[in-house]
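Accompanying notes for the structure given below.
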Amino acid sequence: MPDWIIACVPALPLLAALMIAAGYVSGSNRDEAGERQTRRIALSAATLSFLILLYADLFALINGKLPGYIQVFTWFHSGDYHINISFLLDTPGLIMAHLVSLLSLITLHFSVNYLHREAGYPRFFMIMSLFTAAMLLIVMAGNTLLMFVGWELAGVCSYLLIAYSHERTTAADNATRAFVTNKIGDTGFLLAIILSFFWINSTEWPDIFIHTGVLDSLHSGLIASGLLLAAMAKSAQIPFSPWIARSLEGPTPSSAIFYGSLMVHAGVFLLIRMQPLLMHTPELMWMIAIIGAATALYGFIGSLVQTDVKSALMFSTTGQTGLMFLACGLGWFEFALWHLVAHAIWRAYHFLSAPAMMHLLNGHTRFVPAWIQKRRQLYTAALQRFWLEQITDWLFVKPTLALARDAQAFDQQVVNRLVGLPGSIGAVSSLAQWEKQKSTHSMQLDGDSGDIGRGRGLLGKLMEWIASLLHWFEEHLVLKGGDDGILHAVIRLGEVLTRVDEMLSRPRYLLLMLLLTFVVIL
């Protein structure tokens, strides 16, 4: 089987996303009349990807072995460092690729009628196609860098679909919260990639597995810790659990495919993929087991007090992913894989049938169990979701905001005064604005025409006297010493430079300067 055919599996949904975006820009798929074109592109790409995977199964059955590691071509090579476009279709990779492709195809079919006549119809199918490509990259990637590309694309798609109704403040705020939380995990993923380059000179999964036994426990533990942080954030494990409850602002199909069946399990798959690395770091496996058990308990108790179907399903999903983490921590990686597949299919069905279920129940949901109602403290803690979000705000968000306010105050009260601006003036983006603000506030800055500024204390008065003396020397001896023409020439030159500076502050000229800089460097 040609290697390029495997590369078509994630490439086709990506191409579909680009075609839908191009159609929207050109106006060919807007409004209700363009829905047919949009769904045909998205469904055709998802169907072809699934058929290619079935062809890979047939090829593997005939040859008696799985495709395994496939290197399509070299993306980047410099010295000892090389980055390949490669895929790893072993047992976990092939099973997950089928799961992603099949569930994405089913969800797209469901969305055809569910989102009929929605204003954002093309936008939804474009993001869903892009997400399908991202998840296929995550489960099929042969190296951590290509997986990271899919990891980031999935996070961006998550942000865009949570904020699908971007005119609603709650949706925009929840999308931002989820995006920022996932960026913390992405930092760990990026750190693991960098450390792999430094210590292994490669990011290919086979190379990492081979060098696992050669690296000492500290080096392998640091690489595994970075990947573990990414897995915890993506699968909403404690303390990152609150973000996933905010993700339900998007349409029901996106909740089903993102947070019920696929993206929420990406962290679990990452742990299964890095099994050889984890087996050499038993301390981390104990940590994974403890985190998984705590998350499972959090999801179970939290789901008992939810009053709407989607929230109850989301907390149940959190508990199930916690059990998968627990299984990985105990070394039951194969069990965790089959648990993942079964739960993803079952939970996708639950989410997609949630609207019909609410219709049949006339809006009623299950009652809170009596045993938890009697335990008021536990009941309150479950309602407040164990105050995880408030604790996170107190530990990280509020100190960050306070630091930002202090930095802004320091900039206004100290830095601005040092450069000659009053403390009340905000930041400036160019020298031209600076000069304009200085001229506007010259009366507040200068005591008279011969002063530069007002100083405080003995040192301040000394600096003020020296500045005034230099100003008098420049004014009377340098500029006017020979002829007023020198002064006029300097003024004209200043005006020209000011106009140039104002032009460079505009985006199009700034972009032109950046392009010229890259041309000079190359």
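By convention here, the chains of the structure tokens are called A, B, ... in the order presented, each chain's residues are numbered starting at 1, and ligands are numbered starting at 1 in the order presented.
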Against segment 241-250 of chain A, which residues of segment 282-333 of chain A fall within 12 Å? For each one I want the closest pair of atoms and the distance in Å (one decimal), counting only C-alpha atoms, rows by chain and increasing residue number, as JSON lines.
```
{"residue": "A:Ile291", "atom": "CA", "partner": "A:Ser241", "partner_atom": "CA", "distance": 11.1}
{"residue": "A:Gly292", "atom": "CA", "partner": "A:Ser241", "partner_atom": "CA", "distance": 11.3}
{"residue": "A:Ala294", "atom": "CA", "partner": "A:Ser241", "partner_atom": "CA", "distance": 10.7}
{"residue": "A:Thr295", "atom": "CA", "partner": "A:Ser241", "partner_atom": "CA", "distance": 7.8}
{"residue": "A:Ala296", "atom": "CA", "partner": "A:Ser241", "partner_atom": "CA", "distance": 10.7}
{"residue": "A:Leu297", "atom": "CA", "partner": "A:Ser241", "partner_atom": "CA", "distance": 11.9}
{"residue": "A:Tyr298", "atom": "CA", "partner": "A:Ser241", "partner_atom": "CA", "distance": 8.9}
{"residue": "A:Gly299", "atom": "CA", "partner": "A:Ser241", "partner_atom": "CA", "distance": 8.9}
{"residue": "A:Gly302", "atom": "CA", "partner": "A:Ala245", "partner_atom": "CA", "distance": 10.6}
{"residue": "A:Ser303", "atom": "CA", "partner": "A:Ala245", "partner_atom": "CA", "distance": 10.9}
{"residue": "A:Gln306", "atom": "CA", "partner": "A:Ala245", "partner_atom": "CA", "distance": 10.9}
{"residue": "A:Asp308", "atom": "CA", "partner": "A:Leu248", "partner_atom": "CA", "distance": 11.1}
{"residue": "A:Val309", "atom": "CA", "partner": "A:Leu248", "partner_atom": "CA", "distance": 10.8}
{"residue": "A:Lys310", "atom": "CA", "partner": "A:Leu248", "partner_atom": "CA", "distance": 7.3}
{"residue": "A:Ser311", "atom": "CA", "partner": "A:Ala245", "partner_atom": "CA", "distance": 6.8}
{"residue": "A:Ala312", "atom": "CA", "partner": "A:Ala245", "partner_atom": "CA", "distance": 9.6}
{"residue": "A:Leu313", "atom": "CA", "partner": "A:Ala245", "partner_atom": "CA", "distance": 10.0}
{"residue": "A:Met314", "atom": "CA", "partner": "A:Ala245", "partner_atom": "CA", "distance": 6.7}
{"residue": "A:Phe315", "atom": "CA", "partner": "A:Ala245", "partner_atom": "CA", "distance": 7.5}
{"residue": "A:Ser316", "atom": "CA", "partner": "A:Ala245", "partner_atom": "CA", "distance": 11.0}
{"residue": "A:Thr317", "atom": "CA", "partner": "A:Ile244", "partner_atom": "CA", "distance": 9.9}
{"residue": "A:Thr318", "atom": "CA", "partner": "A:Ser241", "partner_atom": "CA", "distance": 7.6}
{"residue": "A:Gly319", "atom": "CA", "partner": "A:Ser241", "partner_atom": "CA", "distance": 10.1}
{"residue": "A:Thr321", "atom": "CA", "partner": "A:Ser241", "partner_atom": "CA", "distance": 10.8}
{"residue": "A:Gly322", "atom": "CA", "partner": "A:Ser241", "partner_atom": "CA", "distance": 10.2}
```
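With only C-alpha atoms as the atoms that count, the residue of A:Val305, A:Ile20, A:Ser165, A:Ala172 with the shortest distance to Tyr379 of chain A is A:Val305.
Here atom CA of Trp4 of chain A stands at a distance of 9.3 Å from atom CA of Gln71 of chain A.
Across A:His280, A:His116, A:His265, A:Lys374, the tightest approach to Val214 of chain A is made by A:His280 when counting only C-alpha atoms.
The set of residues in segment 62-180 of chain A assigned to strand (DSSP E or B) by DSSP, using only backbone atoms of this structure, is A:Gly68, A:Tyr69, A:Ile70, A:Gln71, A:Val72, A:Phe73, A:Thr74, A:Trp75, A:Phe76, A:His77, A:Ser78, A:Tyr81, A:His82, A:Ile83, A:Asn84, A:Ile85, A:Ser86, A:Phe87, A:Leu88, A:Leu89, A:Ala141, A:Asn143.
Closest approach to Met126 of chain A from the set A:Met287, A:Ala42, A:Ala266, A:Met274 is made by A:Ala42, with distances taken over only C-alpha atoms.
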Next on the checklist: Set the distance at 9 Å and use only C-alpha atoms: which residues neighbour Met324 of chain A once local chain neighbours fewer than 4 positions away are removed? I'd like the list as a ChimeraX atom specification.
Outcome noted: /A:268,292,296,319-320,328-329,332-333,335-337,339-340
Next on the checklist: Can you tell me which residues surround Ile223 of chain A at a distance of at most 12 Å, considering only C-alpha atoms, apart from same-chain residues fewer than 5 positions away, and format the answer as a PyMOL selection string?
Outcome noted: chain A and resi 144+188-200+203+208-209+211-212+215-218+228-230+274+277-278+280-281+284
Writer output for current selection, N, CA and C atoms, as an mmCIF file, in the first residue's frame:
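File written: out39.cif
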```cif
data_model
loop_
_atom_site.group_PDB
_atom_site.id
_atom_site.type_symbol
_atom_site.label_atom_id
_atom_site.label_comp_id
_atom_site.auth_asym_id
_atom_site.auth_seq_id
_atom_site.Cartn_x
_atom_site.Cartn_y
_atom_site.Cartn_z
ATOM 1 N N THR A 144 5.968 13.138 18.097
ATOM 2 C CA THR A 144 5.290 14.032 19.034
ATOM 3 C C THR A 144 5.017 15.400 18.424
ATOM 4 N N GLY A 188 3.334 21.950 28.681
ATOM 5 C CA GLY A 188 4.017 20.710 29.040
ATOM 6 C C GLY A 188 4.351 19.862 27.828
ATOM 7 N N PHE A 189 3.430 19.808 26.874
ATOM 8 C CA PHE A 189 3.672 19.050 25.634
ATOM 9 C C PHE A 189 4.870 19.628 24.886
ATOM 10 N N LEU A 190 4.909 20.954 24.770
ATOM 11 C CA LEU A 190 6.003 21.606 24.055
ATOM 12 C C LEU A 190 7.328 21.381 24.772
ATOM 13 N N LEU A 191 7.312 21.409 26.097
ATOM 14 C CA LEU A 191 8.533 21.135 26.864
ATOM 15 C C LEU A 191 9.037 19.721 26.598
ATOM 16 N N ALA A 192 8.129 18.761 26.534
ATOM 17 C CA ALA A 192 8.530 17.379 26.248
ATOM 18 C C ALA A 192 9.162 17.260 24.866
ATOM 19 N N ILE A 193 8.627 17.979 23.895
ATOM 20 C CA ILE A 193 9.202 17.959 22.542
ATOM 21 C C ILE A 193 10.621 18.519 22.553
ATOM 22 N N ILE A 194 10.814 19.641 23.235
ATOM 23 C CA ILE A 194 12.142 20.264 23.290
ATOM 24 C C ILE A 194 13.146 19.343 23.977
ATOM 25 N N LEU A 195 12.749 18.737 25.087
ATOM 26 C CA LEU A 195 13.649 17.831 25.805
ATOM 27 C C LEU A 195 13.963 16.596 24.964
ATOM 28 N N SER A 196 13.006 16.136 24.179
ATOM 29 C CA SER A 196 13.272 14.997 23.292
ATOM 30 C C SER A 196 14.315 15.352 22.243
ATOM 31 N N PHE A 197 14.253 16.570 21.726
ATOM 32 C CA PHE A 197 15.265 17.015 20.770
ATOM 33 C C PHE A 197 16.642 17.068 21.428
ATOM 34 N N PHE A 198 16.718 17.594 22.658
ATOM 35 C CA PHE A 198 17.994 17.751 23.332
ATOM 36 C C PHE A 198 18.633 16.410 23.691
ATOM 37 N N TRP A 199 17.854 15.482 24.200
ATOM 38 C CA TRP A 199 18.407 14.256 24.769
ATOM 39 C C TRP A 199 18.336 13.053 23.831
ATOM 40 N N ILE A 200 17.456 13.100 22.826
ATOM 41 C CA ILE A 200 17.314 11.961 21.917
ATOM 42 C C ILE A 200 17.618 12.346 20.474
ATOM 43 N N THR A 203 12.018 13.264 17.644
ATOM 44 C CA THR A 203 10.695 13.269 18.280
ATOM 45 C C THR A 203 9.855 12.097 17.788
ATOM 46 N N ILE A 208 11.875 7.443 20.612
ATOM 47 C CA ILE A 208 11.657 7.703 22.044
ATOM 48 C C ILE A 208 11.554 6.383 22.798
ATOM 49 N N PHE A 209 10.842 5.401 22.224
ATOM 50 C CA PHE A 209 10.697 4.112 22.901
ATOM 51 C C PHE A 209 12.035 3.388 22.996
ATOM 52 N N HIS A 211 15.076 4.743 23.097
ATOM 53 C CA HIS A 211 15.977 5.419 24.031
ATOM 54 C C HIS A 211 15.442 5.455 25.457
ATOM 55 N N THR A 212 14.225 4.959 25.655
ATOM 56 C CA THR A 212 13.676 4.988 27.012
ATOM 57 C C THR A 212 14.540 4.198 27.978
ATOM 58 N N LEU A 215 18.003 6.316 28.556
ATOM 59 C CA LEU A 215 17.930 7.530 29.366
ATOM 60 C C LEU A 215 17.824 7.187 30.842
ATOM 61 N N ASP A 216 18.397 8.047 31.694
ATOM 62 C CA ASP A 216 18.229 7.837 33.129
ATOM 63 C C ASP A 216 16.817 8.222 33.544
ATOM 64 N N SER A 217 16.482 7.896 34.777
ATOM 65 C CA SER A 217 15.104 8.092 35.247
ATOM 66 C C SER A 217 14.710 9.556 35.283
ATOM 67 N N LEU A 218 15.680 10.451 35.537
ATOM 68 C CA LEU A 218 15.380 11.882 35.594
ATOM 69 C C LEU A 218 14.962 12.398 34.220
ATOM 70 N N LEU A 228 2.392 14.175 30.450
ATOM 71 C CA LEU A 228 1.331 13.929 31.424
ATOM 72 C C LEU A 228 0.549 15.205 31.711
ATOM 73 N N LEU A 229 1.239 16.336 31.834
ATOM 74 C CA LEU A 229 0.544 17.605 32.057
ATOM 75 C C LEU A 229 -0.409 17.910 30.911
ATOM 76 N N ALA A 230 0.042 17.666 29.677
ATOM 77 C CA ALA A 230 -0.835 17.888 28.519
ATOM 78 C C ALA A 230 -2.035 16.961 28.556
ATOM 79 N N MET A 274 2.268 6.541 25.207
ATOM 80 C CA MET A 274 3.568 6.646 25.883
ATOM 81 C C MET A 274 3.765 5.547 26.922
ATOM 82 N N LEU A 277 7.326 4.598 27.900
ATOM 83 C CA LEU A 277 7.968 5.659 28.676
ATOM 84 C C LEU A 277 7.489 5.643 30.118
ATOM 85 N N LEU A 278 6.193 5.404 30.310
ATOM 86 C CA LEU A 278 5.647 5.383 31.663
ATOM 87 C C LEU A 278 6.109 4.168 32.451
ATOM 88 N N HIS A 280 8.913 2.966 32.651
ATOM 89 C CA HIS A 280 10.221 3.225 33.250
ATOM 90 C C HIS A 280 10.168 4.336 34.300
ATOM 91 N N THR A 281 8.991 4.867 34.545
ATOM 92 C CA THR A 281 8.833 5.910 35.574
ATOM 93 C C THR A 281 7.678 5.507 36.498
ATOM 94 N N LEU A 284 5.599 8.213 38.410
ATOM 95 C CA LEU A 284 4.562 8.911 37.657
ATOM 96 C C LEU A 284 3.302 8.062 37.520
#
```
Next on the checklist: Based on the backbone DSSP call, show me all residues of segment 180-291 of chain A assigned alpha helix (DSSP H), as a PyMOL selection string.
Outcome noted: chain A and resi 180-200+205-212+217-234+242-245+252-254+266-273+275-279+282-291
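Atom pair atom CA of His166 of chain A / atom CA of Thr252 of chain A: separated by 15.8 Å.
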Item to check | Contact residues around segment 110-115 of chain A with only C-alpha atoms at 9 Å, ignoring same-chain residues under 4 positions, as a PyMOL selection string | outcome: chain A and resi 35+39+105-106+119-121+124-125+251-253+352
